[in-house]
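Reviewing the structure listed below.
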Amino acid sequence: MLNLFQGIRPLKRGGALRDAFAGVAFAAMNIPQALGYTRIAGMPVVTGLYSLLLPMLAFATFGSSRFLVVAADSATAAILRGGLVGMAPTASTRYVALAGLVALLTAAFLLLGRLLKLGFVSDFLSQTVLVGFLTGIGFQVGIAVLGQMLGIQVTSHRSILQLAEIGRGLPKVHLPTLAVTLAVLAFVFALRWSAPKVPGPMLAVILAIAASAFWNFAGHGIAIIGPVVGGLPHFAMPDISWRDISPLLSIAASCAVMILTQSAATSRVYAARHHQRLDENQDLVGLSAANAAAAFSGTFVVNGSPTQTAMVEGAGSQSQVAQVTTAVVVALVLLFLTKPLQFLPQCVLGTLVFLVAIRLIKLRSLASIRRESPGEFALAVTTTIVVIAAGVEQGIILAMVLSLLRIVHHIYHPRTGVMVPDETSIWKLIPPDPGAATAPGLVMYRFGAAIFYANASRFCDEILRLVGPSPTTVRWVIIDGEAITNVDFSAARAVEELKKNLASMGVQFGFARLPWNTRADFDRHHLTVAIGPSWIFNRLHDAVDAFEALGPAASIPIVQSFPTS
């Protein structure tokens, strides 16, 4: 049973009025940004307004988050354009139809994700590679609009080639276009510094439209967006055929992964900040409904936007009433105010997109990652370079693969060591180098991950290196199993073989502190019998006591009592 309007209920008069005013303020800030996203997506300008209409209402109806703004977003817009380039001319009727089909397929993927309860997939994009991915998109989007900002014609679709074209075209910069670009940049930055709550982009758009109409920018060679279709969108199926589906599946899948990941991360942040209960599976229904609404209302794929969510929260909103109000304001603009939009200079839209791109470039986050983890920094930078050089779709695939490989790397190369007590009788780890021992004749070895088919040989080899060649002075090897969360079939066979090898060398082999679920794995794979129940100790100091009681007379006692962690 669907639980509708979770992001609105309970509705109280005071809160509804506050959120409605926030929605009006948010519309003033976000309408120029939505128009700019159409440049990233390659769509007609009016479709940016469409993305703030029915998709917003759909998520407010079916979603659970009280803050998440679901509308056009730079990341999914870049994925869309990167996938559709070459399939149809941008902003053409055919291009719009293909974009609608991508939105519909994305909605289907998201709904399938809800049915299969795949919300956990978002956890497989690490924050590290996500920072690199968004930074790459920021550079790609910023490069893509430089031509518009400078009045240079750019025909390439790859960022590197676009930069090369811009470099060659610098002597031909259109000075009036550059002057408008610099004026908009100065105006927005000045307002952001002196009056941060004033919607600088909206004021810049209004002033640019007025100046363009009054001084005839088009007559001076400054490109304007031209006539914008007025009125509300027509609700219809995208004009496509069955054979169009196959080449668009990968684009839609990439969009779905990006939406699932970015929306979940954003909604979690604001739910935690405002102590809101979040239903991520219900949000998948809302995101699916929003993209279906986008497909049928002639716009492109929509996403949960971090920047727009921050904007609506900053405006004072605490529920989806603000987003519903924004949709109403946009409907009024579509009905009565589209005619002036035709005078808007294209360089102004490009400049607003450039400002969005700057916010996507996470240099501070990259610097923090570099200070704390150079290896993760390398992954983030690799993702950024791939997005810029190869494209957004390839970048998101790489981001997923790198995140998963990092998990595998941690499991394959867990932290291991030989446990020794310090002067305060607390266990510490020393490197598992040959000859390392807990005490003469005793090696207590810690393995910091589950044992499975890929790392079982590493586990066995490291223990055999610690024991050394036969004859050996090591009498007992005890594995601290606290971090071993499971053992699979292949690993169980490897451990059995290790037990035999150690026995042939005269070395006793056992485990201590096995979690209950790992004990169940031992029983199921017959390891308990193979090792011997008496060689599976509940506590570390139980193993130490047994060694001291039964070990060689020459062994040196360790300590009288050991902590268990």
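We name chains A, B, ... following the order of the structure tokens; residues begin at 1 in each chain, and ligands are numbered from 1 as shown.
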
Which polymer residues have any atom within 8 Å of an atom of A:Val467, counting only C-alpha atoms, with same-chain residues fewer than 5 positions away left out, as a PyMOL selection string? chain A and resi 434-435+472-474

Where in stretch 308-530 of chain A does DSSP assign alpha helix (DSSP H), given as an MDAnalysis selection string? chainID A and resid 308:314 321:336 346:360 363:372 374:389 392:412 456:467 489:504 516:524 527:530

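Proximity ranking of A:Ala264, A:Ala25, A:Ile411, A:Leu118 relative to A:Ser64 places A:Ala264 first, based on only C-alpha atoms.
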
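Distances here use only C-alpha atoms; by that measure, the residue among A:Met444, A:Arg66, A:Ala530, A:Ala456 closest to A:Asp279 is A:Arg66.
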
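The residue that comes closest to A:Ala492, out of A:Ile478, A:Val301, A:Phe459, A:Ser504 and on the basis of only C-alpha atoms, is A:Phe459.
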
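On the backbone of this structure, DSSP gives strand (DSSP E) within stretch 246-485 of chain A to A:Asn303, A:Gly304, A:Thr416, A:Gly417, A:Val418, A:Met419, A:Val420, A:Pro421, A:Trp427, A:Lys428, A:Leu429, A:Ile430, A:Leu442, A:Val443, A:Met444, A:Tyr445, A:Arg446, A:Phe447, A:Trp476, A:Val477, A:Ile478, A:Ile479, A:Asp480.
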
Please produce an output containing N, CA and C atoms for each residue in the selection, written as a PDB file, in the first residue's frame.
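Written file, selection_10.pdb:
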ATOM      1  N   ASN A 303      16.626  14.410 -10.935  1.00  0.00           N
ATOM      2  CA  ASN A 303      17.467  13.791  -9.915  1.00  0.00           C
ATOM      3  C   ASN A 303      17.298  14.539  -8.602  1.00  0.00           C
ATOM      4  N   GLY A 304      17.619  13.887  -7.489  1.00  0.00           N
ATOM      5  CA  GLY A 304      17.669  14.573  -6.210  1.00  0.00           C
ATOM      6  C   GLY A 304      18.918  15.426  -6.150  1.00  0.00           C
ATOM      7  N   THR A 416      46.659  -7.498   9.374  1.00  0.00           N
ATOM      8  CA  THR A 416      47.040  -8.717  10.077  1.00  0.00           C
ATOM      9  C   THR A 416      48.232  -8.416  10.967  1.00  0.00           C
ATOM     10  N   GLY A 417      48.498  -9.309  11.880  1.00  0.00           N
ATOM     11  CA  GLY A 417      49.659  -9.116  12.733  1.00  0.00           C
ATOM     12  C   GLY A 417      49.730 -10.166  13.813  1.00  0.00           C
ATOM     13  N   VAL A 418      50.849 -10.176  14.486  1.00  0.00           N
ATOM     14  CA  VAL A 418      51.054 -11.064  15.630  1.00  0.00           C
ATOM     15  C   VAL A 418      50.746 -10.267  16.892  1.00  0.00           C
ATOM     16  N   MET A 419      49.951 -10.855  17.770  1.00  0.00           N
ATOM     17  CA  MET A 419      49.509 -10.169  18.980  1.00  0.00           C
ATOM     18  C   MET A 419      50.525 -10.380  20.097  1.00  0.00           C
ATOM     19  N   VAL A 420      50.937  -9.264  20.708  1.00  0.00           N
ATOM     20  CA  VAL A 420      51.840  -9.324  21.858  1.00  0.00           C
ATOM     21  C   VAL A 420      51.312  -8.362  22.918  1.00  0.00           C
ATOM     22  N   PRO A 421      51.535  -8.664  24.174  1.00  0.00           N
ATOM     23  CA  PRO A 421      51.073  -7.748  25.219  1.00  0.00           C
ATOM     24  C   PRO A 421      52.104  -6.664  25.478  1.00  0.00           C
ATOM     25  N   TRP A 427      46.772  -5.990  24.496  1.00  0.00           N
ATOM     26  CA  TRP A 427      47.262  -6.562  23.245  1.00  0.00           C
ATOM     27  C   TRP A 427      47.584  -5.471  22.230  1.00  0.00           C
ATOM     28  N   LYS A 428      48.679  -5.654  21.544  1.00  0.00           N
ATOM     29  CA  LYS A 428      49.011  -4.802  20.408  1.00  0.00           C
ATOM     30  C   LYS A 428      49.484  -5.699  19.276  1.00  0.00           C
ATOM     31  N   LEU A 429      49.444  -5.164  18.044  1.00  0.00           N
ATOM     32  CA  LEU A 429      49.854  -5.925  16.870  1.00  0.00           C
ATOM     33  C   LEU A 429      51.252  -5.509  16.437  1.00  0.00           C
ATOM     34  N   ILE A 430      52.051  -6.499  16.079  1.00  0.00           N
ATOM     35  CA  ILE A 430      53.338  -6.240  15.435  1.00  0.00           C
ATOM     36  C   ILE A 430      53.284  -6.861  14.044  1.00  0.00           C
ATOM     37  N   LEU A 442      54.869 -19.699  20.977  1.00  0.00           N
ATOM     38  CA  LEU A 442      53.454 -19.349  20.780  1.00  0.00           C
ATOM     39  C   LEU A 442      53.323 -18.170  19.811  1.00  0.00           C
ATOM     40  N   VAL A 443      52.475 -18.362  18.795  1.00  0.00           N
ATOM     41  CA  VAL A 443      52.115 -17.280  17.873  1.00  0.00           C
ATOM     42  C   VAL A 443      50.601 -17.081  17.946  1.00  0.00           C
ATOM     43  N   MET A 444      50.204 -15.884  18.351  1.00  0.00           N
ATOM     44  CA  MET A 444      48.779 -15.522  18.324  1.00  0.00           C
ATOM     45  C   MET A 444      48.609 -14.505  17.190  1.00  0.00           C
ATOM     46  N   TYR A 445      47.876 -14.933  16.178  1.00  0.00           N
ATOM     47  CA  TYR A 445      47.822 -14.203  14.908  1.00  0.00           C
ATOM     48  C   TYR A 445      46.413 -13.655  14.714  1.00  0.00           C
ATOM     49  N   ARG A 446      46.336 -12.381  14.314  1.00  0.00           N
ATOM     50  CA  ARG A 446      45.030 -11.750  14.065  1.00  0.00           C
ATOM     51  C   ARG A 446      44.855 -11.508  12.577  1.00  0.00           C
ATOM     52  N   PHE A 447      43.698 -11.929  12.068  1.00  0.00           N
ATOM     53  CA  PHE A 447      43.333 -11.718  10.656  1.00  0.00           C
ATOM     54  C   PHE A 447      42.093 -10.829  10.640  1.00  0.00           C
ATOM     55  N   TRP A 476      52.674 -23.662  19.139  1.00  0.00           N
ATOM     56  CA  TRP A 476      51.231 -23.389  18.994  1.00  0.00           C
ATOM     57  C   TRP A 476      51.022 -22.178  18.080  1.00  0.00           C
ATOM     58  N   VAL A 477      49.962 -22.261  17.242  1.00  0.00           N
ATOM     59  CA  VAL A 477      49.470 -21.107  16.483  1.00  0.00           C
ATOM     60  C   VAL A 477      47.985 -20.955  16.806  1.00  0.00           C
ATOM     61  N   ILE A 478      47.631 -19.823  17.392  1.00  0.00           N
ATOM     62  CA  ILE A 478      46.240 -19.542  17.738  1.00  0.00           C
ATOM     63  C   ILE A 478      45.787 -18.328  16.928  1.00  0.00           C
ATOM     64  N   ILE A 479      44.666 -18.470  16.230  1.00  0.00           N
ATOM     65  CA  ILE A 479      44.118 -17.388  15.400  1.00  0.00           C
ATOM     66  C   ILE A 479      43.078 -16.621  16.205  1.00  0.00           C
ATOM     67  N   ASP A 480      43.290 -15.294  16.344  1.00  0.00           N
ATOM     68  CA  ASP A 480      42.250 -14.447  16.951  1.00  0.00           C
ATOM     69  C   ASP A 480      41.165 -14.223  15.893  1.00  0.00           C
TER      70      ASP A 480
END

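Across the model, the gap from atom CA of A:Pro340 to atom CA of A:Val24 is 19.8 Å.
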
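Nearest to A:Gly230 of all the residues A:Gln162, A:Asn281, A:Ala211, A:Phe336 is A:Phe336, based on only C-alpha atoms.
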
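You can rank A:Ser126, A:Thr325, A:Ser250, A:Gln508 by their closest distance to A:Asp19 using only C-alpha atoms, and at the top of that list sits A:Thr325.
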
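Atom CA of A:Gly36 sits 23.8 Å away from atom CA of A:Leu248.
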
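The shortest atom-to-atom distance to A:Asn517, with only C-alpha atoms taken into account, belongs to A:Thr485 out of A:Ser534, A:Thr485, A:Val228, A:Pro44.
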